[in-house]
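Everything below belongs to protein_12.cif, which stores mmCIF, C-alpha atoms.
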```cif
data_final
loop_
_atom_site.label_atom_id
_atom_site.label_comp_id
_atom_site.auth_asym_id
_atom_site.auth_seq_id
_atom_site.Cartn_x
_atom_site.Cartn_y
_atom_site.Cartn_z
CA MET W 1242 99.64 2.08 -17.23
CA VAL W 1243 98.20 -1.42 -17.06
CA HIS W 1244 99.53 -3.62 -14.28
CA VAL W 1245 99.35 -7.38 -14.73
CA TYR W 1246 100.04 -9.89 -11.96
CA ASN W 1247 101.21 -13.30 -13.03
CA SER W 1248 101.44 -16.70 -11.37
CA LYS W 1249 102.46 -20.12 -12.59
CA VAL W 1250 101.46 -23.48 -11.13
CA ARG W 1251 102.85 -26.88 -11.99
CA LEU W 1252 101.77 -30.30 -10.73
CA LYS W 1253 104.71 -31.98 -9.00
CA GLU W 1254 103.58 -35.25 -7.51
CA GLY W 1255 100.28 -36.63 -6.25
CA ARG W 1256 98.23 -33.51 -5.71
CA VAL W 1257 101.09 -31.26 -4.64
CA GLY W 1258 101.88 -28.32 -6.91
CA GLU W 1259 104.61 -25.75 -7.20
CA LEU W 1260 103.66 -22.07 -7.33
CA THR W 1261 105.86 -19.33 -8.80
CA CYS W 1262 104.57 -15.79 -8.40
CA GLY W 1263 105.38 -12.95 -10.78
CA ASN W 1264 107.20 -10.97 -8.11
CA GLY W 1265 109.42 -13.95 -7.29
CA HIS W 1266 107.85 -15.87 -4.40
CA LYS W 1267 108.02 -19.63 -4.93
CA THR W 1268 106.48 -22.39 -2.79
CA ASP W 1269 104.74 -25.75 -2.85
CA PHE W 1270 100.98 -25.89 -2.37
CA SER W 1271 98.22 -28.42 -1.84
CA ALA W 1272 94.52 -28.59 -1.10
CA PRO W 1273 93.60 -27.91 2.55
CA PRO W 1274 93.78 -30.99 4.83
CA GLU W 1275 89.94 -31.22 5.00
CA PHE W 1276 89.97 -31.63 1.22
CA ARG W 1277 92.66 -34.32 1.44
CA GLY W 1278 95.62 -31.98 1.11
CA ASN W 1279 98.81 -31.71 3.17
CA THR W 1280 99.50 -29.64 6.25
CA GLY W 1281 102.36 -27.14 6.31
CA MET W 1282 101.76 -25.95 2.75
CA LEU W 1283 100.17 -22.95 1.15
CA THR W 1284 96.58 -23.54 0.03
CA ALA W 1285 94.38 -21.51 -2.32
CA GLU W 1286 91.98 -20.74 0.53
CA ASP W 1287 94.78 -19.46 2.77
CA ALA W 1288 96.17 -17.42 -0.14
CA LEU W 1289 92.85 -15.63 -0.68
CA VAL W 1290 92.45 -14.69 2.98
CA ALA W 1291 96.14 -13.73 3.12
CA ALA W 1292 95.76 -11.55 0.01
CA VAL W 1293 93.03 -9.51 1.70
CA ASN W 1294 94.96 -9.32 4.98
CA MET W 1295 98.23 -8.24 3.28
CA SER W 1296 96.47 -5.75 1.01
CA ILE W 1297 94.74 -3.96 3.88
CA MET W 1298 98.03 -3.66 5.75
CA GLN W 1299 99.91 -2.37 2.69
CA THR W 1300 97.16 0.10 1.81
CA PHE W 1301 97.06 1.35 5.42
CA LEU W 1302 100.85 1.82 5.49
CA HIS W 1303 100.68 3.75 2.23
CA LEU W 1304 97.90 6.02 3.57
CA ILE W 1305 99.54 6.82 6.92
CA GLU W 1306 102.81 7.56 5.15
CA LYS W 1307 101.02 10.09 2.94
CA LYS W 1308 99.65 11.77 6.10
CA GLY W 1309 103.02 11.63 7.87
CA ILE W 1310 101.63 9.41 10.66
CA LYS W 1311 104.08 6.99 12.29
CA ILE W 1312 103.06 3.80 14.09
CA ARG W 1313 104.96 1.42 16.35
CA GLY W 1314 103.48 -1.79 15.12
CA TYR W 1315 100.78 -3.46 13.05
CA GLU W 1316 99.55 -7.02 13.20
CA ALA W 1317 96.31 -8.58 12.03
CA ASP W 1318 94.50 -11.89 12.23
CA ALA W 1319 92.12 -12.63 9.36
CA ASN W 1320 89.52 -15.36 9.08
CA GLY W 1321 87.78 -16.46 5.91
CA ILE W 1322 84.59 -18.47 6.30
CA LEU W 1323 83.62 -21.08 3.73
CA GLY W 1324 79.95 -21.00 2.86
CA ASN W 1325 77.50 -21.28 0.03
CA ARG W 1326 76.23 -18.63 -2.37
CA LYS W 1327 73.82 -19.44 -5.20
CA GLY W 1328 74.59 -23.13 -4.76
CA ASN W 1329 78.37 -22.76 -5.00
CA GLU W 1330 80.90 -23.07 -2.21
CA CYS W 1331 82.96 -19.95 -1.72
CA ILE W 1332 84.55 -17.76 0.92
CA ILE W 1333 81.51 -15.77 2.01
CA ARG W 1334 82.97 -13.64 4.78
CA ILE W 1335 86.43 -12.41 5.73
CA VAL W 1336 87.00 -10.72 9.06
CA VAL W 1337 90.28 -8.86 9.63
CA HIS W 1338 91.36 -7.80 13.13
CA PRO W 1339 94.19 -5.28 12.89
CA LYS W 1340 95.95 -4.38 16.12
CA ILE W 1341 97.90 -1.15 15.74
CA THR W 1342 100.37 0.06 18.33
CA ILE W 1343 101.02 3.80 18.50
CA ASP W 1344 102.92 6.25 20.69
CA PRO W 1345 101.04 8.60 23.01
CA GLY W 1346 100.16 11.79 21.13
CA THR W 1347 99.74 10.05 17.78
CA ASP W 1348 96.86 11.34 15.64
CA ILE W 1349 94.31 8.66 16.56
CA ASP W 1350 91.60 10.07 14.29
CA GLY W 1351 94.08 10.03 11.42
CA VAL W 1352 94.97 6.38 12.13
CA GLU W 1353 91.29 5.39 12.22
CA LEU W 1354 90.55 7.30 9.03
CA CYS W 1355 93.44 5.58 7.24
CA LEU W 1356 92.19 2.20 8.40
CA ASN W 1357 88.70 2.91 7.08
CA GLU W 1358 90.18 4.11 3.81
CA ALA W 1359 92.43 1.03 3.61
CA ARG W 1360 89.28 -1.10 3.80
CA LYS W 1361 87.70 1.06 1.09
CA TYR W 1362 90.65 1.33 -1.31
CA SER W 1363 92.43 -2.02 -0.85
CA ILE W 1364 92.77 -3.53 -4.32
CA ILE W 1365 92.15 -7.03 -3.02
CA ALA W 1366 89.24 -6.06 -0.74
CA ASN W 1367 87.59 -4.67 -3.88
CA SER W 1368 88.36 -7.84 -5.85
CA THR W 1369 86.52 -10.29 -3.62
CA HIS W 1370 82.82 -11.16 -3.35
CA ALA W 1371 83.23 -12.00 0.34
CA THR W 1372 81.68 -9.64 2.85
CA LEU W 1373 84.68 -7.96 4.43
CA VAL W 1374 84.68 -6.73 8.01
CA VAL W 1375 87.62 -4.92 9.60
CA GLU W 1376 87.53 -4.73 13.40
CA HIS W 1377 90.54 -2.91 14.72
CA LYS W 1378 92.09 -2.24 18.10
CA LEU W 1379 94.44 0.62 18.90
CA GLU W 1380 97.06 0.14 21.57
CA ILE W 1381 98.85 3.19 22.93
CA GLN W 1382 102.32 2.25 24.04
CA LYS W 1383 103.67 4.36 26.88
CA GLY W 1384 107.39 4.85 27.16
CA MET R 401 80.88 -28.38 9.12
CA VAL R 402 82.12 -24.80 8.91
CA HIS R 403 85.62 -24.35 7.55
CA VAL R 404 87.55 -21.25 8.51
CA TYR R 405 90.81 -20.17 6.88
CA ASN R 406 93.11 -18.03 8.95
CA SER R 407 96.09 -15.81 8.22
CA LYS R 408 98.22 -13.54 10.33
CA VAL R 409 100.28 -10.57 9.19
CA ARG R 410 102.80 -8.59 11.18
CA LEU R 411 104.76 -5.50 10.18
CA LYS R 412 108.48 -6.25 10.37
CA GLU R 413 110.43 -3.27 9.12
CA GLY R 414 109.73 -0.42 6.72
CA ARG R 415 106.80 -1.73 4.73
CA VAL R 416 107.80 -5.39 4.77
CA GLY R 417 105.47 -7.77 6.59
CA GLU R 418 105.54 -11.37 7.70
CA LEU R 419 102.66 -13.65 6.73
CA THR R 420 101.74 -16.85 8.57
CA CYS R 421 98.96 -18.90 6.99
CA GLY R 422 96.65 -21.20 8.94
CA ASN R 423 97.91 -24.31 7.16
CA GLY R 424 101.52 -23.44 8.02
CA HIS R 425 103.03 -21.51 5.13
CA LYS R 426 105.14 -18.58 6.30
CA THR R 427 106.83 -15.89 4.21
CA ASP R 428 107.69 -12.19 4.01
CA PHE R 429 105.60 -9.92 1.83
CA SER R 430 105.58 -6.38 0.50
CA ALA R 431 103.65 -4.15 -1.88
CA PRO R 432 104.41 -4.77 -5.57
CA PRO R 433 107.45 -2.86 -6.91
CA GLU R 434 105.19 -0.43 -8.85
CA PHE R 435 103.66 0.54 -5.50
CA ARG R 436 107.11 1.02 -3.94
CA GLY R 437 107.45 -2.54 -2.65
CA ASN R 438 110.32 -5.02 -2.94
CA THR R 439 110.99 -7.59 -5.64
CA GLY R 440 111.38 -11.27 -4.77
CA MET R 441 108.57 -11.23 -2.21
CA LEU R 442 104.98 -12.35 -2.11
CA THR R 443 102.49 -9.53 -2.74
CA ALA R 444 98.74 -9.39 -2.10
CA GLU R 445 98.09 -9.04 -5.85
CA ASP R 446 100.20 -12.12 -6.67
CA ALA R 447 98.48 -14.03 -3.84
CA LEU R 448 95.00 -13.35 -5.27
CA VAL R 449 95.94 -14.48 -8.79
CA ALA R 450 97.79 -17.47 -7.32
CA ALA R 451 94.77 -18.40 -5.20
CA VAL R 452 92.59 -18.65 -8.31
CA ASN R 453 95.27 -20.53 -10.25
CA MET R 454 95.91 -23.03 -7.41
CA SER R 455 92.21 -23.54 -6.73
CA ILE R 456 91.40 -24.39 -10.34
CA MET R 457 94.23 -26.92 -10.42
CA GLN R 458 93.21 -28.53 -7.12
CA THR R 459 89.53 -28.64 -8.10
CA PHE R 460 90.44 -30.18 -11.48
CA LEU R 461 92.63 -32.85 -9.81
CA HIS R 462 89.80 -33.69 -7.42
CA LEU R 463 87.30 -34.03 -10.28
CA ILE R 464 89.47 -36.22 -12.54
CA GLU R 465 90.29 -38.45 -9.58
CA LYS R 466 86.56 -38.97 -8.97
CA LYS R 467 86.18 -40.01 -12.63
CA GLY R 468 89.28 -42.23 -12.56
CA ILE R 469 91.04 -40.14 -15.21
CA LYS R 470 94.83 -40.00 -15.04
CA ILE R 471 96.95 -37.21 -16.52
CA ARG R 472 100.69 -36.88 -17.16
CA GLY R 473 101.06 -33.26 -16.24
CA TYR R 474 99.34 -29.98 -15.45
CA GLU R 475 100.76 -26.51 -15.55
CA ALA R 476 99.05 -23.12 -15.81
CA ASP R 477 99.97 -19.50 -16.26
CA ALA R 478 97.53 -17.00 -14.79
CA ASN R 479 97.36 -13.24 -15.32
CA GLY R 480 95.38 -10.81 -13.22
CA ILE R 481 94.74 -7.38 -14.73
CA LEU R 482 94.44 -4.32 -12.52
CA GLY R 483 91.63 -2.02 -13.51
CA ASN R 484 88.87 0.16 -12.18
CA ARG R 485 85.32 -0.72 -11.17
CA LYS R 486 82.93 1.84 -9.73
CA GLY R 487 85.84 4.19 -9.12
CA ASN R 488 87.93 1.67 -7.18
CA GLU R 489 91.08 -0.10 -8.33
CA CYS R 490 90.74 -3.86 -8.31
CA ILE R 491 91.72 -6.98 -10.22
CA ILE R 492 89.08 -6.89 -12.95
CA ARG R 493 90.07 -9.91 -15.02
CA ILE R 494 92.00 -13.11 -14.40
CA VAL R 495 92.94 -15.36 -17.31
CA VAL R 496 94.20 -18.88 -16.56
CA HIS R 497 95.93 -20.96 -19.26
CA PRO R 498 96.11 -24.59 -18.12
CA LYS R 499 98.25 -26.92 -20.24
CA ILE R 500 97.38 -30.54 -19.55
CA THR R 501 99.48 -33.41 -20.81
CA ILE R 502 97.74 -36.76 -21.29
CA ASP R 503 98.53 -40.18 -22.69
CA PRO R 504 97.00 -41.30 -26.02
CA GLY R 505 93.64 -42.95 -25.35
CA THR R 506 92.82 -40.74 -22.37
CA ASP R 507 89.18 -39.66 -22.11
CA ILE R 508 89.59 -36.18 -23.66
CA ASP R 509 85.91 -35.27 -23.22
CA GLY R 510 86.18 -36.23 -19.56
CA VAL R 511 89.26 -34.03 -19.12
CA GLU R 512 87.54 -31.07 -20.77
CA LEU R 513 84.39 -31.57 -18.71
CA CYS R 514 86.43 -31.65 -15.50
CA LEU R 515 88.22 -28.46 -16.50
CA ASN R 516 84.91 -26.69 -17.15
CA GLU R 517 83.59 -27.94 -13.83
CA ALA R 518 86.79 -26.85 -12.06
CA ARG R 519 86.12 -23.33 -13.34
CA LYS R 520 82.53 -23.60 -12.14
CA TYR R 521 83.12 -25.17 -8.71
CA SER R 522 86.49 -23.70 -7.69
CA ILE R 523 85.96 -22.11 -4.26
CA ILE R 524 88.29 -19.24 -5.08
CA ALA R 525 86.91 -18.65 -8.59
CA ASN R 526 83.53 -18.19 -6.92
CA SER R 527 84.98 -15.84 -4.30
CA THR R 528 86.34 -13.22 -6.69
CA HIS R 529 84.62 -10.36 -8.50
CA ALA R 530 87.13 -10.59 -11.34
CA THR R 531 85.91 -11.94 -14.66
CA LEU R 532 87.58 -15.31 -14.89
CA VAL R 533 88.55 -16.90 -18.19
CA VAL R 534 90.11 -20.36 -18.48
CA GLU R 535 91.74 -21.10 -21.83
CA HIS R 536 93.21 -24.57 -21.85
CA LYS R 537 95.41 -26.60 -24.14
CA LEU R 538 95.59 -30.39 -24.21
CA GLU R 539 98.83 -32.05 -25.20
CA ILE R 540 98.80 -35.74 -26.04
CA GLN R 541 102.12 -37.27 -25.19
CA LYS R 542 103.08 -40.22 -27.36
CA GLY R 543 105.28 -42.89 -25.91
#
```

Output the file's structure in the form of structure tokens.
Amino acid sequence: MVHVYNSKVRLKEGRVGELTCGNGHKTDFSAPPEFRGNTGMLTAEDALVAAVNMSIMQTFLHLIEKKGIKIRGYEADANGILGNRKGNECIIRIVVHPKITIDPGTDIDGVELCLNEARKYSIIANSTHATLVVEHKLEIQKG
Amino acid sequence: MVHVYNSKVRLKEGRVGELTCGNGHKTDFSAPPEFRGNTGMLTAEDALVAAVNMSIMQTFLHLIEKKGIKIRGYEADANGILGNRKGNECIIRIVVHPKITIDPGTDIDGVELCLNEARKYSIIANSTHATLVVEHKLEIQKG
């Protein structure tokens, strides 16, 4: 089965647009402030970095569920660095820092394997040219 | 100057996460419904397609402004197709359909040039592996 993901944009006023995603999310967007956009709004650059960050989390959750591994918590910071490749500006590197909280006795090797596989199988990680680095931290929560 | 784009994700409940983007946008997200996620929420797949769609619009607006070209309206549908490359699932093709409304007498060649350059210089278009096709339509609004 072919899956297609759809989005619509529409210019509202000035350089502010309205985004409607196929799965229902709707929000205003602009260029980033350093490119004369507004603060407090979604930007294309943030959306790309967020897509990678969200995809790695969702892929990881899917993989641990298949293995029957339970976690207490997952959070991740991601940074996308703007650079130049072949004369064109693009996001050249994305670094994701997942912090996973687990109970004592959790299958740590299993968690680390799932995280490596999430990096490998994430649909969005495989859709970007940017070099992607995932540096994780496991926190074992006692009690 | 180096620009860095940041996002944070945090697992809330089940497989629903909370996304906070560096420029301030905040929303819940999930996997797409076909991967057992929720409807009505942002997904990583939608975010990638949206990033390309938003970036082409913002780059186009920047370029026409530099040329002093004014438009009446801009809207665009974008579709990202899930496929397989080297054994991994990824978004293999994104097609963007901008519809630009202009007044009679507007520099049509200038508009088309800016749209081609937006495709070429869009930061996000240059950050994705997906084959990107932009098929536009110009509408001249009389009166």

Problem set entry | Point-to-point distance from CA of Gly1263 (chain W) to CA of Tyr1315 (chain W), Å rounded to tenths |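 CA of Gly1263 (chain W) sits 26.1 Å away from CA of Tyr1315 (chain W).
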
For this session: Could you tell me which residues the PyMOL selection byres ((chain R and resi 495) around 12) returns for this structure, as a PyMOL selection string?
Result: (chain W and resi 1245-1249) or (chain R and resi 449-450+452-453+456+476-481+491-494+496-498+519+525+530-536)

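Using the PyMOL selection byres ((chain R and resi 433-439) around 9) on the file at hand returns these residues: His1244, Asn1264, Gly1265, His1266 and His1303 of chain W; Arg415, Val416, Phe429, Ser430, Ala431, Pro432, Gly440, Met441, Leu442 and Thr443 of chain R.
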
Exercise. So which one's closest to chain R, W:Val1250, W:Ile1310, W:Ile1343, W:Met1242? Using all atoms listed in the file, please.
Worked result: W:Val1250

Near Tyr1362 (chain W), within 12 Å and counting all atoms listed in the file, which residues show up once chain neighbours fewer than 6 positions away are dropped, as a PDB file with C-alpha atoms, in the coordinates of the input?
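Below is the file that was written, around-v5.pdb:
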```pdb
ATOM      1  CA  VAL W1293      93.030  -9.510   1.700  1.00  0.00           C
ATOM      2  CA  SER W1296      96.470  -5.750   1.010  1.00  0.00           C
ATOM      3  CA  ILE W1297      94.740  -3.960   3.880  1.00  0.00           C
ATOM      4  CA  MET W1298      98.030  -3.660   5.750  1.00  0.00           C
ATOM      5  CA  GLN W1299      99.910  -2.370   2.690  1.00  0.00           C
ATOM      6  CA  THR W1300      97.160   0.100   1.810  1.00  0.00           C
ATOM      7  CA  PHE W1301      97.060   1.350   5.420  1.00  0.00           C
ATOM      8  CA  HIS W1303     100.680   3.750   2.230  1.00  0.00           C
ATOM      9  CA  LEU W1304      97.900   6.020   3.570  1.00  0.00           C
ATOM     10  CA  LEU W1354      90.550   7.300   9.030  1.00  0.00           C
ATOM     11  CA  CYS W1355      93.440   5.580   7.240  1.00  0.00           C
ATOM     12  CA  LEU W1356      92.190   2.200   8.400  1.00  0.00           C
ATOM     13  CA  SER W1368      88.360  -7.840  -5.850  1.00  0.00           C
TER      14      SER W1368
ATOM     15  CA  ASN R 484      88.870   0.160 -12.180  1.00  0.00           C
ATOM     16  CA  ARG R 485      85.320  -0.720 -11.170  1.00  0.00           C
ATOM     17  CA  LYS R 486      82.930   1.840  -9.730  1.00  0.00           C
ATOM     18  CA  GLY R 487      85.840   4.190  -9.120  1.00  0.00           C
ATOM     19  CA  ASN R 488      87.930   1.670  -7.180  1.00  0.00           C
ATOM     20  CA  GLU R 489      91.080  -0.100  -8.330  1.00  0.00           C
ATOM     21  CA  CYS R 490      90.740  -3.860  -8.310  1.00  0.00           C
TER      22      CYS R 490
END
```

For this session: Mind giving me the straight-line distance from CA of Gly473 (chain R) to CA of Glu1254 (chain W) in Å, one decimal?
Result: 9.3 Å

Exercise. Quick one, how far is CA of Asn526 (chain R) from CA of Val402 (chain R)?
Worked result: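 Calculated distance between CA of Asn526 (chain R) and CA of Val402 (chain R) is 17.2 Å.
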
Problem set entry | Counting all atoms listed in the file, the residue of W:Leu1379, W:Leu1252, W:Ile1365, W:Met1295 that sits nearest Arg472 (chain R) |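 So, comparing all the options, the nearest one is W:Leu1252.
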